[in-house]
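What follows is model-v2.csv (CSV, C-alpha atoms).
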chain,number,residue,atom,x,y,z
A,411,MET,CA,-54.1,40.4,-27.0
A,412,LYS,CA,-51.6,40.4,-24.2
A,413,LEU,CA,-49.7,43.5,-23.2
A,414,LEU,CA,-46.4,42.0,-24.2
A,415,THR,CA,-47.8,41.8,-27.8
A,416,HIS,CA,-49.4,45.3,-27.5
A,417,ASN,CA,-45.9,46.6,-26.6
A,418,MET,CA,-44.7,45.7,-30.1
A,419,LEU,CA,-47.6,47.0,-32.2
A,420,THR,CA,-47.4,50.2,-34.2
A,421,SER,CA,-49.7,52.0,-36.6
A,422,HIS,CA,-48.2,52.2,-40.1
A,423,VAL,CA,-51.0,54.1,-41.8
A,424,LYS,CA,-49.6,56.1,-44.7
A,425,GLY,CA,-48.3,59.5,-43.6
A,426,VAL,CA,-48.2,58.7,-39.9
A,427,VAL,CA,-44.9,59.6,-38.4
A,428,ASN,CA,-45.3,58.2,-35.0
A,429,GLY,CA,-47.9,55.5,-34.6
A,430,TYR,CA,-46.7,54.3,-31.2
A,431,PRO,CA,-47.9,53.4,-28.7
A,432,LEU,CA,-51.4,52.4,-29.7
A,433,LEU,CA,-54.1,53.5,-27.3
A,434,ILE,CA,-56.2,50.7,-26.0
A,435,LYS,CA,-60.0,51.0,-25.7
A,436,ALA,CA,-61.2,47.8,-24.2
A,437,THR,CA,-64.8,46.6,-23.7
A,438,GLU,CA,-63.8,43.2,-22.4
A,439,VAL,CA,-60.6,42.3,-20.5
A,440,LYS,CA,-59.7,39.0,-18.9
A,441,VAL,CA,-57.0,38.0,-16.5
A,442,ASN,CA,-55.8,34.4,-17.0
A,443,GLU,CA,-53.3,32.3,-15.1
A,444,VAL,CA,-50.0,31.8,-17.0
A,445,ASP,CA,-47.1,29.8,-15.6
A,446,PHE,CA,-44.5,32.2,-14.1
A,447,ASN,CA,-41.0,32.0,-15.7
A,448,PRO,CA,-38.9,34.6,-13.9
A,449,GLN,CA,-36.0,34.3,-16.4
A,450,PHE,CA,-38.3,34.9,-19.3
A,451,VAL,CA,-39.8,38.0,-17.7
A,452,SER,CA,-36.4,39.3,-16.7
A,453,ARG,CA,-35.1,39.0,-20.2
A,454,MET,CA,-38.1,40.7,-21.7
A,455,ILE,CA,-37.8,43.9,-19.5
A,456,PRO,CA,-35.0,45.5,-21.4
A,457,LYS,CA,-36.8,44.9,-24.7
A,458,LEU,CA,-39.9,46.7,-23.6
A,459,GLU,CA,-41.0,50.3,-24.0
A,460,TRP,CA,-41.7,50.5,-20.3
A,461,SER,CA,-43.8,53.7,-20.3
A,462,ALA,CA,-46.0,52.2,-23.0
A,463,LEU,CA,-46.6,49.1,-20.8
A,464,VAL,CA,-47.4,51.2,-17.8
A,465,GLN,CA,-49.8,53.4,-19.8
A,466,ALA,CA,-51.5,50.4,-21.3
A,467,ALA,CA,-51.9,48.7,-17.9
A,468,ASP,CA,-53.2,51.9,-16.5
A,469,ASP,CA,-55.8,52.4,-19.3
A,470,LEU,CA,-57.1,48.9,-18.5
A,471,GLY,CA,-57.3,49.6,-14.8
A,472,GLN,CA,-54.8,46.8,-14.3
A,473,ARG,CA,-51.7,48.7,-13.3
A,474,GLU,CA,-52.0,48.0,-9.6
A,475,ASP,CA,-48.6,49.1,-8.1
A,476,LEU,CA,-46.4,48.6,-11.2
A,477,PRO,CA,-43.7,51.3,-10.9
A,478,GLY,CA,-43.0,54.0,-13.4
A,479,GLU,CA,-39.6,52.4,-14.1
A,480,PRO,CA,-38.2,48.9,-13.6
A,481,VAL,CA,-36.7,48.7,-10.1
A,482,PRO,CA,-32.9,48.4,-9.9
A,483,GLU,CA,-31.6,44.8,-9.9
A,484,TYR,CA,-34.9,43.4,-10.9
A,485,GLU,CA,-33.4,40.1,-12.1
A,486,ASN,CA,-33.5,38.8,-8.6
A,487,ASN,CA,-36.6,40.6,-7.4
A,488,GLU,CA,-39.3,37.9,-7.6
A,489,GLU,CA,-42.0,40.1,-6.2
A,490,PHE,CA,-41.4,42.7,-8.9
A,491,LEU,CA,-41.0,40.1,-11.6
A,492,LYS,CA,-44.4,38.6,-10.6
A,493,LYS,CA,-46.1,42.0,-11.0
A,494,VAL,CA,-44.5,42.4,-14.5
A,495,HIS,CA,-45.5,38.8,-15.4
A,496,ARG,CA,-49.1,39.5,-14.5
A,497,VAL,CA,-49.3,42.6,-16.6
A,498,LEU,CA,-47.3,41.3,-19.6
A,499,LEU,CA,-48.8,37.8,-19.9
A,500,GLU,CA,-51.9,37.4,-17.8
A,501,VAL,CA,-53.9,40.5,-18.6
A,502,GLU,CA,-55.7,40.0,-22.0
A,503,VAL,CA,-57.8,42.4,-24.0
A,504,ILE,CA,-60.6,40.3,-25.5
A,505,GLU,CA,-62.8,42.9,-27.2
A,506,GLY,CA,-62.2,46.5,-28.0
A,507,PHE,CA,-59.9,48.4,-30.3
A,508,LEU,CA,-56.5,49.9,-30.6
A,509,GLN,CA,-56.2,53.5,-31.8
A,510,CYS,CA,-53.4,55.2,-33.7
A,511,PRO,CA,-52.2,58.1,-31.5
A,512,GLU,CA,-51.6,60.3,-34.6
A,513,SER,CA,-54.3,59.5,-37.1
A,514,GLY,CA,-57.0,58.2,-34.8
A,515,ARG,CA,-57.5,55.1,-37.0
A,516,GLU,CA,-59.0,52.2,-35.1
A,517,PHE,CA,-57.8,48.7,-35.3
A,518,PRO,CA,-60.5,46.3,-33.9
A,519,ILE,CA,-59.7,43.6,-31.4
A,520,SER,CA,-62.1,40.6,-31.5
A,521,ARG,CA,-61.8,37.4,-29.6
A,522,GLY,CA,-58.4,38.6,-28.4
A,523,ILE,CA,-57.1,39.1,-31.9
A,524,PRO,CA,-56.0,42.6,-33.0
A,525,ASN,CA,-56.6,43.2,-36.7
A,526,MET,CA,-53.7,45.3,-38.0
A,527,LEU,CA,-54.6,45.0,-41.7
A,528,LEU,CA,-54.6,48.3,-43.5
A,529,ASN,CA,-56.8,49.2,-46.4
A,530,ASP,CA,-55.3,49.7,-49.9
A,531,ASP,CA,-55.4,53.5,-49.5
A,532,GLU,CA,-53.7,53.4,-46.2
A,533,VAL,CA,-50.6,51.6,-47.3
B,567,MET,CA,-41.8,16.0,-23.8
B,568,LYS,CA,-41.0,13.2,-26.2
B,569,PRO,CA,-41.7,13.8,-29.9
B,570,LYS,CA,-44.3,11.0,-30.1
B,571,VAL,CA,-46.2,12.5,-27.2
B,572,LEU,CA,-46.1,16.0,-28.8
B,573,GLU,CA,-47.2,14.5,-32.1
B,574,GLY,CA,-50.1,12.8,-30.3
B,575,TYR,CA,-51.3,16.1,-28.9
B,576,LEU,CA,-50.9,17.9,-32.2
B,577,GLN,CA,-53.0,15.3,-34.0
B,578,GLN,CA,-56.0,16.7,-32.1
B,579,VAL,CA,-55.5,20.3,-33.2
B,580,ASP,CA,-58.3,21.3,-35.6
B,581,SER,CA,-57.2,22.4,-39.1
B,582,PHE,CA,-58.7,24.6,-41.8
B,583,LYS,CA,-62.4,23.9,-42.5
B,584,LYS,CA,-62.4,25.5,-45.9
B,585,PRO,CA,-58.8,26.1,-47.0
B,586,LYS,CA,-58.3,29.1,-49.2
B,587,ILE,CA,-56.3,28.3,-52.3
B,588,LEU,CA,-55.3,31.9,-52.9
B,589,LEU,CA,-53.6,32.0,-49.6
B,590,GLU,CA,-52.1,28.6,-50.2
B,591,GLN,CA,-53.4,27.2,-47.0
B,592,TYR,CA,-52.1,23.7,-46.1
B,593,PRO,CA,-51.9,22.4,-42.6
B,594,THR,CA,-48.5,21.4,-41.2
B,595,SER,CA,-48.8,17.7,-40.4
B,596,PRO,CA,-48.6,16.8,-36.7
B,597,HIS,CA,-45.6,14.6,-37.5
B,598,ILE,CA,-43.6,17.3,-39.3
B,599,ALA,CA,-44.6,19.9,-36.7
B,600,ALA,CA,-43.5,17.6,-33.9
B,601,CYS,CA,-40.2,16.7,-35.6
B,602,MET,CA,-39.4,20.4,-36.3
B,603,LEU,CA,-40.3,21.6,-32.8
B,604,TYR,CA,-38.6,18.8,-31.0
B,605,THR,CA,-35.3,19.4,-32.9
B,606,ILE,CA,-35.5,23.2,-32.4
B,607,GLN,CA,-35.8,22.7,-28.7
B,608,SER,CA,-33.6,19.6,-28.0
B,609,THR,CA,-30.7,20.5,-30.4
B,610,PHE,CA,-30.8,24.2,-30.3
B,611,ASP,CA,-32.7,25.2,-27.1
B,612,ASP,CA,-34.6,27.9,-29.1
B,613,ILE,CA,-38.1,27.4,-27.7
B,614,GLN,CA,-38.2,26.9,-23.9
B,615,GLY,CA,-38.4,30.3,-22.2
B,616,LYS,CA,-38.2,32.1,-25.5
B,617,LEU,CA,-40.3,34.7,-27.2
B,618,VAL,CA,-41.3,32.9,-30.4
B,619,ALA,CA,-43.1,34.2,-33.5
B,620,ASP,CA,-45.0,31.9,-35.9
B,621,LEU,CA,-45.4,33.5,-39.3
B,622,GLY,CA,-48.3,32.4,-41.3
B,623,CYS,CA,-49.5,30.5,-38.3
B,624,GLY,CA,-52.8,29.3,-39.9
B,625,CYS,CA,-54.7,27.2,-37.3
B,626,GLY,CA,-51.7,27.2,-34.9
B,627,VAL,CA,-50.2,23.8,-35.0
B,628,LEU,CA,-46.6,25.1,-34.7
B,629,SER,CA,-47.5,27.7,-32.1
B,630,ILE,CA,-49.5,25.3,-29.9
B,631,GLY,CA,-46.6,22.9,-30.2
B,632,ALA,CA,-44.1,25.6,-29.2
B,633,ALA,CA,-46.3,26.6,-26.3
B,634,MET,CA,-46.5,22.9,-25.1
B,635,LEU,CA,-42.7,22.9,-25.2
B,636,ASN,CA,-42.8,25.8,-22.8
B,637,ALA,CA,-42.1,28.8,-25.0
B,638,GLY,CA,-42.3,31.9,-22.8
B,639,LEU,CA,-44.9,33.2,-25.3
B,640,CYS,CA,-45.6,32.2,-28.9
B,641,VAL,CA,-47.2,34.9,-31.1
B,642,GLY,CA,-48.9,33.7,-34.2
B,643,PHE,CA,-49.3,36.0,-37.2
B,644,ASP,CA,-51.7,35.4,-40.1
B,645,ILE,CA,-53.7,37.4,-42.6
B,646,ASP,CA,-56.8,35.2,-42.5
B,647,ASN,CA,-59.6,35.7,-40.0
B,648,ASP,CA,-61.1,32.2,-40.3
B,649,ALA,CA,-57.7,30.5,-39.7
B,650,LEU,CA,-57.1,32.7,-36.6
B,651,ASP,CA,-60.5,31.9,-35.3
B,652,ILE,CA,-59.8,28.2,-35.5
B,653,PHE,CA,-56.4,28.8,-33.8
B,654,ARG,CA,-58.1,30.7,-31.0
B,655,SER,CA,-60.6,27.8,-30.5
B,656,ASN,CA,-57.7,25.3,-30.5
B,657,ALA,CA,-55.8,27.3,-27.8
B,658,GLU,CA,-59.0,27.5,-25.7
B,659,GLU,CA,-59.8,23.8,-26.1
B,660,PHE,CA,-56.2,22.8,-25.1
B,661,GLU,CA,-56.0,25.5,-22.4
B,662,ILE,CA,-52.8,26.9,-23.8
B,663,PRO,CA,-52.3,30.3,-22.1
B,664,ASN,CA,-48.9,31.1,-23.6
B,665,VAL,CA,-50.0,32.0,-27.1
B,666,ASP,CA,-51.1,35.3,-28.7
B,667,LEU,CA,-52.5,36.0,-32.1
B,668,VAL,CA,-52.1,39.0,-34.5
B,669,GLN,CA,-53.9,39.5,-37.8
B,670,CYS,CA,-51.7,41.3,-40.3
B,671,ASP,CA,-50.2,41.0,-43.8
B,672,LEU,CA,-46.6,39.8,-43.5
B,673,CYS,CA,-46.0,40.8,-47.1
B,674,SER,CA,-46.6,44.5,-46.5
B,675,LEU,CA,-44.9,44.9,-43.1
B,676,GLU,CA,-42.8,48.0,-42.5
B,677,GLU,CA,-39.2,47.0,-42.1
B,678,ASP,CA,-39.1,48.0,-38.5
B,679,ALA,CA,-42.5,46.7,-37.6
B,680,TYR,CA,-41.4,44.0,-35.2
B,681,ALA,CA,-37.7,44.5,-35.6
B,682,LYS,CA,-35.6,42.4,-33.2
B,683,LYS,CA,-38.5,41.8,-30.9
B,684,PHE,CA,-38.4,38.0,-31.0
B,685,ASP,CA,-35.9,35.3,-29.9
B,686,THR,CA,-37.0,32.8,-32.5
B,687,VAL,CA,-39.1,32.6,-35.6
B,688,ILE,CA,-40.7,29.3,-36.5
B,689,MET,CA,-42.7,29.0,-39.8
B,690,ASN,CA,-44.1,26.9,-42.5
B,691,PRO,CA,-44.6,29.7,-45.0
B,692,PRO,CA,-46.7,29.4,-48.2
B,693,PHE,CA,-44.3,28.0,-50.8
B,694,GLY,CA,-45.2,30.5,-53.5
B,695,THR,CA,-47.0,28.5,-56.1
B,696,LYS,CA,-49.8,29.6,-58.5
B,697,HIS,CA,-50.6,33.3,-57.7
B,698,ASN,CA,-48.2,33.7,-54.9
B,699,GLN,CA,-44.8,33.8,-56.6
B,700,GLY,CA,-42.1,35.0,-54.3
B,701,ILE,CA,-44.1,34.9,-51.2
B,702,ASP,CA,-41.8,32.5,-49.4
B,703,MET,CA,-39.0,35.0,-49.8
B,704,GLN,CA,-41.2,37.8,-48.4
B,705,PHE,CA,-41.9,35.7,-45.4
B,706,LEU,CA,-38.2,35.0,-45.0
B,707,SER,CA,-37.4,38.7,-45.2
B,708,ALA,CA,-39.9,39.6,-42.6
B,709,ALA,CA,-38.7,36.8,-40.4
B,710,SER,CA,-35.1,38.0,-40.7
B,711,THR,CA,-36.0,41.4,-39.2
B,712,MET,CA,-37.9,39.9,-36.3
B,713,ALA,CA,-35.3,37.5,-34.8
B,714,LYS,CA,-31.7,36.4,-35.1
B,715,THR,CA,-32.8,32.8,-35.5
B,716,VAL,CA,-35.4,31.5,-38.0
B,717,TYR,CA,-36.6,28.0,-38.6
B,718,SER,CA,-38.5,27.4,-41.8
B,719,LEU,CA,-39.7,24.9,-44.4
B,720,HIS,CA,-39.0,25.4,-48.1
B,721,LYS,CA,-39.2,23.2,-51.1
B,722,SER,CA,-35.9,21.4,-51.7
B,723,SER,CA,-36.1,22.4,-55.3
B,724,THR,CA,-35.7,26.0,-54.4
B,725,ARG,CA,-32.6,25.4,-52.2
B,726,GLU,CA,-30.1,27.4,-54.3
B,727,HIS,CA,-32.5,30.3,-54.6
B,728,ILE,CA,-32.9,30.4,-50.9
B,729,GLN,CA,-29.2,30.2,-50.3
B,730,LYS,CA,-28.8,33.4,-52.4
B,731,LYS,CA,-31.6,35.1,-50.4
B,732,ALA,CA,-29.9,34.1,-47.1
B,733,ARG,CA,-26.7,35.7,-48.3
B,734,ASP,CA,-28.6,38.9,-49.2
B,735,LEU,CA,-30.1,38.9,-45.8
B,736,GLU,CA,-26.7,38.2,-44.2
B,737,MET,CA,-27.9,35.1,-42.6
B,738,LYS,CA,-26.1,31.8,-42.2
B,739,MET,CA,-28.2,28.9,-43.6
B,740,GLU,CA,-28.1,25.3,-42.4
B,741,VAL,CA,-30.3,22.6,-43.9
B,742,ILE,CA,-31.1,20.6,-40.8
B,743,ALA,CA,-33.1,17.9,-42.5
B,744,GLU,CA,-34.9,16.9,-45.7
B,745,LEU,CA,-38.5,16.0,-45.1
B,746,ARG,CA,-41.2,14.5,-47.2
B,747,TYR,CA,-44.2,16.7,-46.9
B,748,ASP,CA,-47.2,14.5,-47.5
B,749,LEU,CA,-50.0,16.6,-48.8
B,750,PRO,CA,-53.4,14.9,-49.1
B,751,ALA,CA,-55.7,16.2,-51.8
B,752,SER,CA,-57.4,19.2,-50.3
B,753,TYR,CA,-58.4,21.3,-53.3
B,754,LYS,CA,-60.6,20.3,-56.2
B,755,PHE,CA,-57.8,20.8,-58.7
B,756,HIS,CA,-55.7,18.1,-57.0
B,757,LYS,CA,-55.6,15.1,-59.3
B,758,LYS,CA,-53.6,12.8,-57.1
B,759,LYS,CA,-54.7,11.4,-53.8
B,760,THR,CA,-51.6,12.5,-52.1
B,761,VAL,CA,-48.4,14.1,-53.2
B,762,ASP,CA,-45.0,14.0,-51.6
B,763,ILE,CA,-43.1,17.2,-51.7
B,764,GLN,CA,-39.4,17.2,-50.8
B,765,VAL,CA,-38.9,20.0,-48.3
B,766,ASP,CA,-35.8,21.4,-46.5
B,767,PHE,CA,-36.1,22.1,-42.8
B,768,ILE,CA,-33.7,25.1,-42.6
B,769,ARG,CA,-32.2,27.0,-39.8
B,770,PHE,CA,-31.2,30.6,-40.6
B,771,SER,CA,-29.1,32.6,-38.1
B,772,LYS,CA,-27.5,36.0,-37.8
B,773,ALA,CA,-24.4,36.8,-35.8
Re-express the file's structure as structure tokens.
Amino acid sequence: MKLLTHNMLTSHVKGVVNGYPLLIKATEVKVNEVDFNPQFVSRMIPKLEWSALVQAADDLGQREDLPGEPVPEYENNEEFLKKVHRVLLEVEVIEGFLQCPESGREFPISRGIPNMLLNDDEV
Amino acid sequence: MKPKVLEGYLQQVDSFKKPKILLEQYPTSPHIAACMLYTIQSTFDDIQGKLVADLGCGCGVLSIGAAMLNAGLCVGFDIDNDALDIFRSNAEEFEIPNVDLVQCDLCSLEEDAYAKKFDTVIMNPPFGTKHNQGIDMQFLSAASTMAKTVYSLHKSSTREHIQKKARDLEMKMEVIAELRYDLPASYKFHKKKTVDIQVDFIRFSKA
């Protein structure tokens, strides 16, 4: 599970009002090389919940010097975009689980795949 | 990448070992996948550098193809663990780093679950036969919330029904091509060796 994907995931357990962002408890994390596409990264930034991204990176010990907010005029700032690229696409949670911030419900991650399926009584 | 080359690669992607009839699991043929993906990119420029979702990704043929055509990231969604495991193995074997996978039930998504998060949705949804009546429409509904542009395959016989659904979802619908989906007998109840199903390759778009 990459952090770009994590940034979209929410808990929809019945009764939960705010199931975002999901906390990450990882037992295995990998950093892979992914081709850098500055335009793609730049376009993703406005779509992200930035604080959730920073929190997630922090929880994984992968934040490095990612700032608390996107820098001004980031479209042309390759150094900044590379940092974002690394955190969004190269860091991957392989094993662990996601946790609903409100209900505490755990969503397992196995072989890099988060399981967001809810039981019948949770829907 | 030329379509023939893409098709060649996709021929090597592993498919379902034990397809589950209740989930209507059929692989998308490498030929159809290559035609779809090549058109989506070369005619509409909707893959390269884009955030793509593959709904009902199965073993990942469409996602892997999209990744090979340089999608920024392609995220595959499926309900079945076994299919996703095969997809994961395929991605590892082909060293495709720009895919991600999520296990979920697309038919019981909250409306805002992934709302407007993607540039493009590409899918070969279950057609809704046997026990799954209406599932193709549920996939289309989900897709329409996730992106402004959706590419999908649907049985040509359901075209009018789909046009009505597109209107309800306020999406423009364009049949890009009519394809023959050649399904080899994969389940015990299949009496014929292969069956040709006429399918529409459709592009849905919102303003």
Q.
Residues within 6 Å of stretch 715-729 of chain B, please, as an NGL selection string. Count all atoms listed in the file; anything in the same chain fewer than 3 positions from it doesn't count.
A. :B and (686-690 or 732 or 764-771)
Q | Given all atoms listed in the file as the counted atoms, nearest of A:Leu508, A:Leu491, A:Leu458, A:Leu433 to chain B | A |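 Closest to chain B, using all atoms listed in the file: A:Leu458.
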Q. Using only C-alpha atoms, which residues sit within 9 Å of B:His597 once same-chain residues fewer than 5 positions away are excluded, as a ChimeraX atom specification?
A. /B:569-570,572-574,576-577,602
Chain A residues near chain B within 6 Å, closest pair each, using only C-alpha atoms, as JSON lines:
{"residue": "A:Val444", "atom": "CA", "partner": "B:Pro663", "partner_atom": "CA", "distance": 5.8}
{"residue": "A:Phe450", "atom": "CA", "partner": "B:Gly615", "partner_atom": "CA", "distance": 5.4}
{"residue": "A:Ile523", "atom": "CA", "partner": "B:Leu667", "partner_atom": "CA", "distance": 5.6}
{"residue": "A:Pro524", "atom": "CA", "partner": "B:Val668", "partner_atom": "CA", "distance": 5.5}
{"residue": "A:Asn525", "atom": "CA", "partner": "B:Gln669", "partner_atom": "CA", "distance": 4.7}
{"residue": "A:Met526", "atom": "CA", "partner": "B:Cys670", "partner_atom": "CA", "distance": 5.0}
{"residue": "A:Leu527", "atom": "CA", "partner": "B:Cys670", "partner_atom": "CA", "distance": 4.9}
(Q) For A:Lys435, find every residue with an atom within 10 Å (counting only C-alpha atoms), except residues of its own chain fewer than 3 positions away, and show them as a PyMOL selection string. (A) chain A and resi 432+438+466+469-470+503+505-509+516+518-519
Q. Could you work out how far atom CA of B:His697 lies from atom CA of A:Asp531, giving the answer in Å with one decimal?
A.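 The value is 22.3 Å.
Of the listed residues A:Glu488, A:Val423, A:His495, A:Gly429, the one whose atoms come nearest to A:Glu532 is A:Val423, with distances taken using all atoms listed in the file.
A straight line drawn from atom CA of A:Ser513 to atom CA of A:Val426 is 6.8 Å long.
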Q) Any idea what the distance is between atom CA of A:Arg496 and atom CA of A:Val464? A)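 For atom CA of A:Arg496 relative to atom CA of A:Val464, the distance reads 12.3 Å.
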Q) Restricting the calculation to all atoms listed in the file, which member of B:Ala619, B:Leu603, B:Val571, B:Met739 is positioned closest to B:Ala632? A) B:Leu603
**Q.** Closest of A:Thr420, A:Gly425, A:Asn442, A:Pro511 to A:Leu498 - atom-to-atom distances counting all atoms listed in the file
**A.**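 Looking at the shortest contact to A:Leu498, the residue is A:Asn442.
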Q. With all atoms listed in the file as the basis for distance, which of B:Ala743, B:Ala657, B:Ile763, B:Leu621 is at the shortest distance from B:Gly642?
A.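 Smallest distance to B:Gly642 is found for B:Leu621.
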Q. What lies within 8 Å of stretch 475-480 of chain A using all atoms listed in the file, ignoring chain neighbours under 4 positions off, as a ChimeraX atom specification?
A. /A:455,460-461,464,484,493-494
For stretch 489-508 of chain A of the structure just presented, write N, CA, C and O atoms to a file, as an mmCIF file, in the first residue's frame.
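Saved to result.cif:
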data_model
loop_
_atom_site.group_PDB
_atom_site.id
_atom_site.type_symbol
_atom_site.label_atom_id
_atom_site.label_comp_id
_atom_site.auth_asym_id
_atom_site.auth_seq_id
_atom_site.Cartn_x
_atom_site.Cartn_y
_atom_site.Cartn_z
ATOM 1 N N GLU A 489 13.380 19.617 -6.362
ATOM 2 C CA GLU A 489 13.870 19.009 -5.124
ATOM 3 C C GLU A 489 12.701 18.650 -4.211
ATOM 4 O O GLU A 489 12.633 17.561 -3.650
ATOM 5 N N PHE A 490 11.771 19.579 -4.092
ATOM 6 C CA PHE A 490 10.588 19.337 -3.264
ATOM 7 C C PHE A 490 9.744 18.216 -3.861
ATOM 8 O O PHE A 490 9.308 17.300 -3.158
ATOM 9 N N LEU A 491 9.535 18.270 -5.169
ATOM 10 C CA LEU A 491 8.706 17.255 -5.824
ATOM 11 C C LEU A 491 9.289 15.855 -5.662
ATOM 12 O O LEU A 491 8.560 14.874 -5.530
ATOM 13 N N LYS A 492 10.622 15.777 -5.657
ATOM 14 C CA LYS A 492 11.252 14.458 -5.486
ATOM 15 C C LYS A 492 10.968 13.908 -4.096
ATOM 16 O O LYS A 492 10.762 12.703 -3.921
ATOM 17 N N LYS A 493 10.948 14.792 -3.106
ATOM 18 C CA LYS A 493 10.637 14.341 -1.738
ATOM 19 C C LYS A 493 9.208 13.826 -1.669
ATOM 20 O O LYS A 493 8.915 12.819 -1.033
ATOM 21 N N VAL A 494 8.316 14.563 -2.334
ATOM 22 C CA VAL A 494 6.905 14.160 -2.326
ATOM 23 C C VAL A 494 6.749 12.838 -3.070
ATOM 24 O O VAL A 494 6.039 11.928 -2.631
ATOM 25 N N HIS A 495 7.448 12.721 -4.198
ATOM 26 C CA HIS A 495 7.401 11.496 -5.009
ATOM 27 C C HIS A 495 7.800 10.290 -4.171
ATOM 28 O O HIS A 495 7.137 9.246 -4.190
ATOM 29 N N ARG A 496 8.839 10.463 -3.404
ATOM 30 C CA ARG A 496 9.348 9.348 -2.606
ATOM 31 C C ARG A 496 8.298 8.880 -1.601
ATOM 32 O O ARG A 496 8.028 7.679 -1.474
ATOM 33 N N VAL A 497 7.702 9.833 -0.955
ATOM 34 C CA VAL A 497 6.738 9.497 0.096
ATOM 35 C C VAL A 497 5.423 8.973 -0.486
ATOM 36 O O VAL A 497 4.814 8.046 0.044
ATOM 37 N N LEU A 498 4.994 9.545 -1.609
ATOM 38 C CA LEU A 498 3.711 9.133 -2.200
ATOM 39 C C LEU A 498 3.780 7.766 -2.863
ATOM 40 O O LEU A 498 2.837 6.973 -2.776
ATOM 41 N N LEU A 499 4.884 7.523 -3.597
ATOM 42 C CA LEU A 499 4.922 6.364 -4.494
ATOM 43 C C LEU A 499 5.966 5.313 -4.160
ATOM 44 O O LEU A 499 5.825 4.165 -4.558
ATOM 45 N N GLU A 500 7.042 5.723 -3.468
ATOM 46 C CA GLU A 500 8.126 4.756 -3.271
ATOM 47 C C GLU A 500 8.058 4.021 -1.940
ATOM 48 O O GLU A 500 8.527 2.892 -1.825
ATOM 49 N N VAL A 501 7.465 4.679 -0.939
ATOM 50 C CA VAL A 501 7.312 4.023 0.363
ATOM 51 C C VAL A 501 6.090 3.116 0.294
ATOM 52 O O VAL A 501 5.015 3.536 -0.138
ATOM 53 N N GLU A 502 6.248 1.846 0.715
ATOM 54 C CA GLU A 502 5.118 0.914 0.660
ATOM 55 C C GLU A 502 4.966 0.128 1.949
ATOM 56 O O GLU A 502 5.956 -0.426 2.443
ATOM 57 N N VAL A 503 3.764 0.091 2.469
ATOM 58 C CA VAL A 503 3.506 -0.756 3.633
ATOM 59 C C VAL A 503 3.175 -2.150 3.125
ATOM 60 O O VAL A 503 2.213 -2.333 2.362
ATOM 61 N N ILE A 504 3.974 -3.137 3.532
ATOM 62 C CA ILE A 504 3.781 -4.502 3.044
ATOM 63 C C ILE A 504 2.930 -5.323 4.018
ATOM 64 O O ILE A 504 2.024 -6.052 3.632
ATOM 65 N N GLU A 505 3.237 -5.178 5.325
ATOM 66 C CA GLU A 505 2.472 -5.919 6.343
ATOM 67 C C GLU A 505 2.138 -4.979 7.476
ATOM 68 O O GLU A 505 2.945 -4.097 7.821
ATOM 69 N N GLY A 506 0.971 -5.195 8.066
ATOM 70 C CA GLY A 506 0.582 -4.372 9.203
ATOM 71 C C GLY A 506 -0.923 -4.221 9.206
ATOM 72 O O GLY A 506 -1.644 -5.111 8.730
ATOM 73 N N PHE A 507 -1.395 -3.109 9.721
ATOM 74 C CA PHE A 507 -2.821 -2.848 9.607
ATOM 75 C C PHE A 507 -3.108 -1.356 9.667
ATOM 76 O O PHE A 507 -2.281 -0.548 10.090
ATOM 77 N N LEU A 508 -4.309 -1.028 9.207
ATOM 78 C CA LEU A 508 -4.818 0.340 9.280
ATOM 79 C C LEU A 508 -5.833 0.367 10.406
ATOM 80 O O LEU A 508 -6.514 -0.621 10.654
#
